[in-house]
Structures are given as C-alpha cells and as structure tokens.
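Participant: Below is one structure. I have some questions about it.
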Amino acid sequence: MPLPSFIYGTAWKKEATTSLVQTAVGAGFKAIDTANQPRHYNEAAVGEALAGTSRDSLFLQTKFTPLNGHDNRVPYDPQVSLTDQVNQSFESSLRHLQTSRVDSYLLHGPYTYPGLSSEDWQVWSAIESIYKSGRAGMIGISNVNVLQVAALIDKANVKPMVVQNRCFANRGWDREVRELSKRHGIMYQGFSLLTANPYVLRHPQVISIAKRLSVDTPQIVFRFAMQAGMVPLTGTTNLEHMKEDLKVYDIQLSADEVKLIESID
Ligand SMILES: NC(=O)c1ccc[n+]([C@@H]2O[C@H](COP(=O)([O-])OP(=O)(O)OC[C@H]3O[C@@H](n4cnc5c(N)ncnc54)[C@H](OP(=O)(O)O)[C@@H]3O)[C@@H](O)[C@H]2O)c1
C-alpha cells in the first residue's frame, strides 16, 4: 500500500459519512482517516462505504480514543485494563471497517500533558503489540507536543511512525513537532489546516499566489502543507471542493512562497 500524500477526514459527517466517503473515493482520494469515537466519527459507516473497494488501493487509518474523549458511547469496557480497552476498541474497529487489518492505527491523544504518564505507556505498549501482530501497518499518535513525541522516539519499543496534529499558522504550523518528525522519518499529518487558519485564507499574499495559479486559497494551503513536508487532511463535505483539493497535485509553489506562508502569523 503506497503511503498517502493527502487524506480524506471523516469527522463530524454523521449519517452522511457513507455517501461522503464513497464520493471522496470516487473523486480520487486514496486515504481515509476515521476513529472509533462515536462522538465525532461514524466508523461503521466508513466500513460500509468501503465494503466494495479493494483495500490494496486505499490507505485506511483509525484511532484508539481514551475514555475522556468519549461521550456515553464507549466502544470498550471502561472497567477493564487499558491494554484490554485498546484490544477491545481495535477489534471493534476491525468489525466496523469490515477488515482484518488497517494501514495505520493511532492513539487519539495522550492521557496527560505536557509529558507522558504510565497510562500513555500502557496504551502505547498495547498499540505496539497490535503493530507486531501485523494488524496495523503503521502506528502513531495524535494531539501531541514535541516533548511527548521525543519521549516516544527515545523510549518506545516501537517508535511512532505517524504524528497527526492540528496545525496553527501562528505557531509556525507546528514547526517543532514537524521538524522532529522529519528528522526521525515520521509521517506528519496536519489537520484543520483551513478551519484553524481562516486569516491565512484571506491573506493578500496567499490570495495573490492563488490568482497566479488559478486556484482558490484552500488549495494553496493544502499545496503549501505538502511542500512543507506534511500529509494534509481535508474535511470537506462538498464534491466540488474535493475535486478542487485534488488539483493541488497539478500546482507548484516556489520555495519563496512556501517560506512566506510558513512565516505568516
Ligand atoms: N486527531 C484529531 O483529534 C482530529 C481532530 C480534528 C480533525 N481530525 C481529522 O482531520 C480531518 C479534517 O479536519 P477539518 O474538518 O477540521 O479540516 P478542514 O479541511 O480544515 O476544514 C473543513 C472545513 O473547511 C471548509 N472548506 C471550504 N473550502 C474548502 C475546500 N476547498 N476544501 C476543503 N474544505 C473546504 C469545509 O466546508 P465544505 O464542507 O463546504 O467544503 C469544512 O467546513 C477530520 O475530518 C478528521 O479526520 C482529527
């Protein structure tokens, strides 16, 4: 399965998830992100959408969500050990997604900040075991700071292969975590690139780059993300936007334009 360069995200799609995932795959997206977190995602609907699609041509990623990220719909028994919670959640993901393995499995977020606690290490160890069993092609972590990624790189038995973070332009587009990830060959996935940065979409110089390339500013942000070394996620619910987003493969920003967007705050 080739590594993804652009991911369709399925958060907040509710009952439209099945049709939107089918639309996204039909439009040309080759990677789908979900989570076993009914509060924000409909993982079973992703599975339904992909039922007839060959898994060899699609990168499928889901997540284990700790108890504090759930509403009353917890996809595991909260009374059992953390190891068993991860295993139950993963088994349930496989059933939802109608598959025997996923391409990437993420810890949705650590239990503690700014460092990692014994809970985080227990959960990471359970995720490592899933990786070693061959049922997840890659493992990683989301919503992390640079200290946490560094600790995992330093001490984990199996190092993270993916980091997925919200990317704010006014924090250098998560520069420290991105750079650390790059140095260690970790795939950096950036989410909420549009919703977290509305002023970038209105920035005069971004508008002028968009004009030069005959696209809209969201595409400039996604193309910038790719050229800056990220794998962007898009959360659009609109077929036209999906098609526009995929046009980023046909445009190219200059090194100066990348530098300019990277320094907007
Ligand atoms: N790990 C985590 O904790 C976490 C948290 C949040 C999100 N995520 C992942 O990241 C994915 C994306 O997040 P997001 O929804 O915040 O991303 P986003 O792509 O930054 O935001 C999507 C919003 O931007 C709008 N939009 C306008 N023009 C667009 C265009 N050309 N292309 C795309 N969107 C356009 C969309 O409206 P239209 O629908 O009208 O296009 C939608 O309201 C989620 O679905 C989820 O998979 C992960």
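Chain labels run A, B, ... following the order of the structure tokens; each chain numbers its residues from 1, and ligands are numbered from 1 in the order shown.
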Enumerate as a PyMOL selection string the residues within 7 Å of ligand 1, counting only C-alpha atoms and all ligand atoms.

Facilitator: chain A and resi 8-12+33-34+108+142-143+164-166+191-196+218-219+233-238+241-242+244-245

Participant: Give me the residues near Gly52 (chain A) as a ChimeraX atom specification, where near means some atom within 12 Å (using only C-alpha atoms) and where sequence neighbours in that chain fewer than 4 positions away do not count.

Facilitator: /A:22,25,46-48,56-58,97-99

Participant: Selection from above, N, CA, C and O atoms, as a short mmCIF file (atom, residue, chain, number, x, y, z; two decimals), in the first residue's frame, can you write it?

Facilitator:
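Ended up saving to result.cif:
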data_model
loop_
_atom_site.label_atom_id
_atom_site.label_comp_id
_atom_site.auth_asym_id
_atom_site.auth_seq_id
_atom_site.Cartn_x
_atom_site.Cartn_y
_atom_site.Cartn_z
N GLN A 22 -17.79 7.51 -0.04
CA GLN A 22 -17.88 6.99 -1.42
C GLN A 22 -17.59 8.09 -2.42
O GLN A 22 -16.88 7.89 -3.41
N VAL A 25 -13.79 8.82 -2.41
CA VAL A 25 -13.02 7.78 -3.10
C VAL A 25 -13.26 7.90 -4.61
O VAL A 25 -12.32 7.83 -5.42
N VAL A 46 -17.96 4.29 7.63
CA VAL A 46 -16.77 4.26 6.75
C VAL A 46 -16.61 2.84 6.21
O VAL A 46 -16.38 2.64 5.01
N GLY A 47 -16.76 1.85 7.09
CA GLY A 47 -16.67 0.45 6.66
C GLY A 47 -17.70 0.13 5.59
O GLY A 47 -17.39 -0.54 4.59
N GLU A 48 -18.93 0.61 5.80
CA GLU A 48 -19.99 0.36 4.80
C GLU A 48 -19.61 0.98 3.46
O GLU A 48 -19.78 0.38 2.41
N ASP A 56 -6.32 -2.84 -1.19
CA ASP A 56 -4.94 -2.69 -1.65
C ASP A 56 -4.68 -1.31 -2.21
O ASP A 56 -3.55 -0.86 -2.30
N SER A 57 -5.77 -0.63 -2.63
CA SER A 57 -5.56 0.66 -3.29
C SER A 57 -5.94 1.82 -2.36
O SER A 57 -5.97 2.96 -2.77
N LEU A 58 -6.21 1.50 -1.09
CA LEU A 58 -6.70 2.55 -0.19
C LEU A 58 -5.99 2.49 1.16
O LEU A 58 -5.87 1.40 1.74
N LEU A 97 -14.97 -1.63 10.27
CA LEU A 97 -14.33 -1.33 8.98
C LEU A 97 -14.34 -2.53 8.04
O LEU A 97 -13.86 -2.43 6.91
N GLN A 98 -14.89 -3.65 8.53
CA GLN A 98 -15.03 -4.87 7.72
C GLN A 98 -13.69 -5.27 7.13
O GLN A 98 -13.54 -5.50 5.92
N THR A 99 -12.69 -5.34 8.00
CA THR A 99 -11.34 -5.65 7.53
C THR A 99 -10.61 -6.46 8.59
O THR A 99 -11.04 -6.53 9.74
#

Participant: For region 69-78 of chain A, find every residue with an atom within 8 Å (counting only C-alpha atoms), except residues of its own chain fewer than 6 positions away, and show them as a PyMOL selection string.

Facilitator: chain A and resi 36-39+85-86+88-89+92

Participant: Which residues in region 51-241 of chain A does DSSP call strand (DSSP E or B)? List them as number ranges by chain.

Facilitator: A: 59-64, 102-107, 136-142, 162-166, 187-191, 231-234

Participant: I'd like the neighbourhood of region 177-190 of chain A as a ChimeraX atom specification, where a residue qualifies if any of its atoms comes within 7 Å (using only C-alpha atoms), though same-chain residues fewer than 2 positions away should be ignored.

Facilitator: /A:145-146,160-167,174-175,193,230-233

Participant: Please run DSSP on the backbone and report, as a ChimeraX atom specification, all residues within region 14-252 of chain A that come out as helix (DSSP H, G or I).

Facilitator: /A:14-27,43-49,55-57,67-69,82-97,118-132,146-155,169-171,175-183,198-201,204-213,217-227,239-250

Participant: Can you list, as a list of chain:residue names, every protein, DNA or RNA residue that comes within 10 Å of Arg55 (chain A) when you count only C-alpha atoms, leaving out same-chain residues fewer than 3 positions away?

Facilitator: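 Surrounding residues, per the criterion: A:Met1, A:Lys30, A:Leu50, A:Ala51, A:Gly52, A:Leu58, A:Phe59, A:Leu60, A:Thr99, A:Arg101, A:Val102, A:Asp103.
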
Participant: If we count only C-alpha atoms, what is near Ala169 (chain A) at a cut-off of 7 Å, once residues fewer than 6 positions away on the same chain are taken out, given as a PyMOL selection string?

Facilitator: chain A and resi 197+264-265

Participant: Tell me, in Å to one decimal, how far CA of Ala156 (chain A) is from CA of Ala126 (chain A).

Facilitator: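 Answer for the CA of Ala156 (chain A) to CA of Ala126 (chain A) separation: 11.6 Å.
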
Participant: Between A:Ala45, A:Val149, A:Leu67, A:Ile209, which residue has the minimum interatomic distance to Ser254 (chain A), considering only C-alpha atoms?

Facilitator: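 Ranking A:Ala45, A:Val149, A:Leu67, A:Ile209 by distance to Ser254 (chain A), first place goes to A:Ile209.
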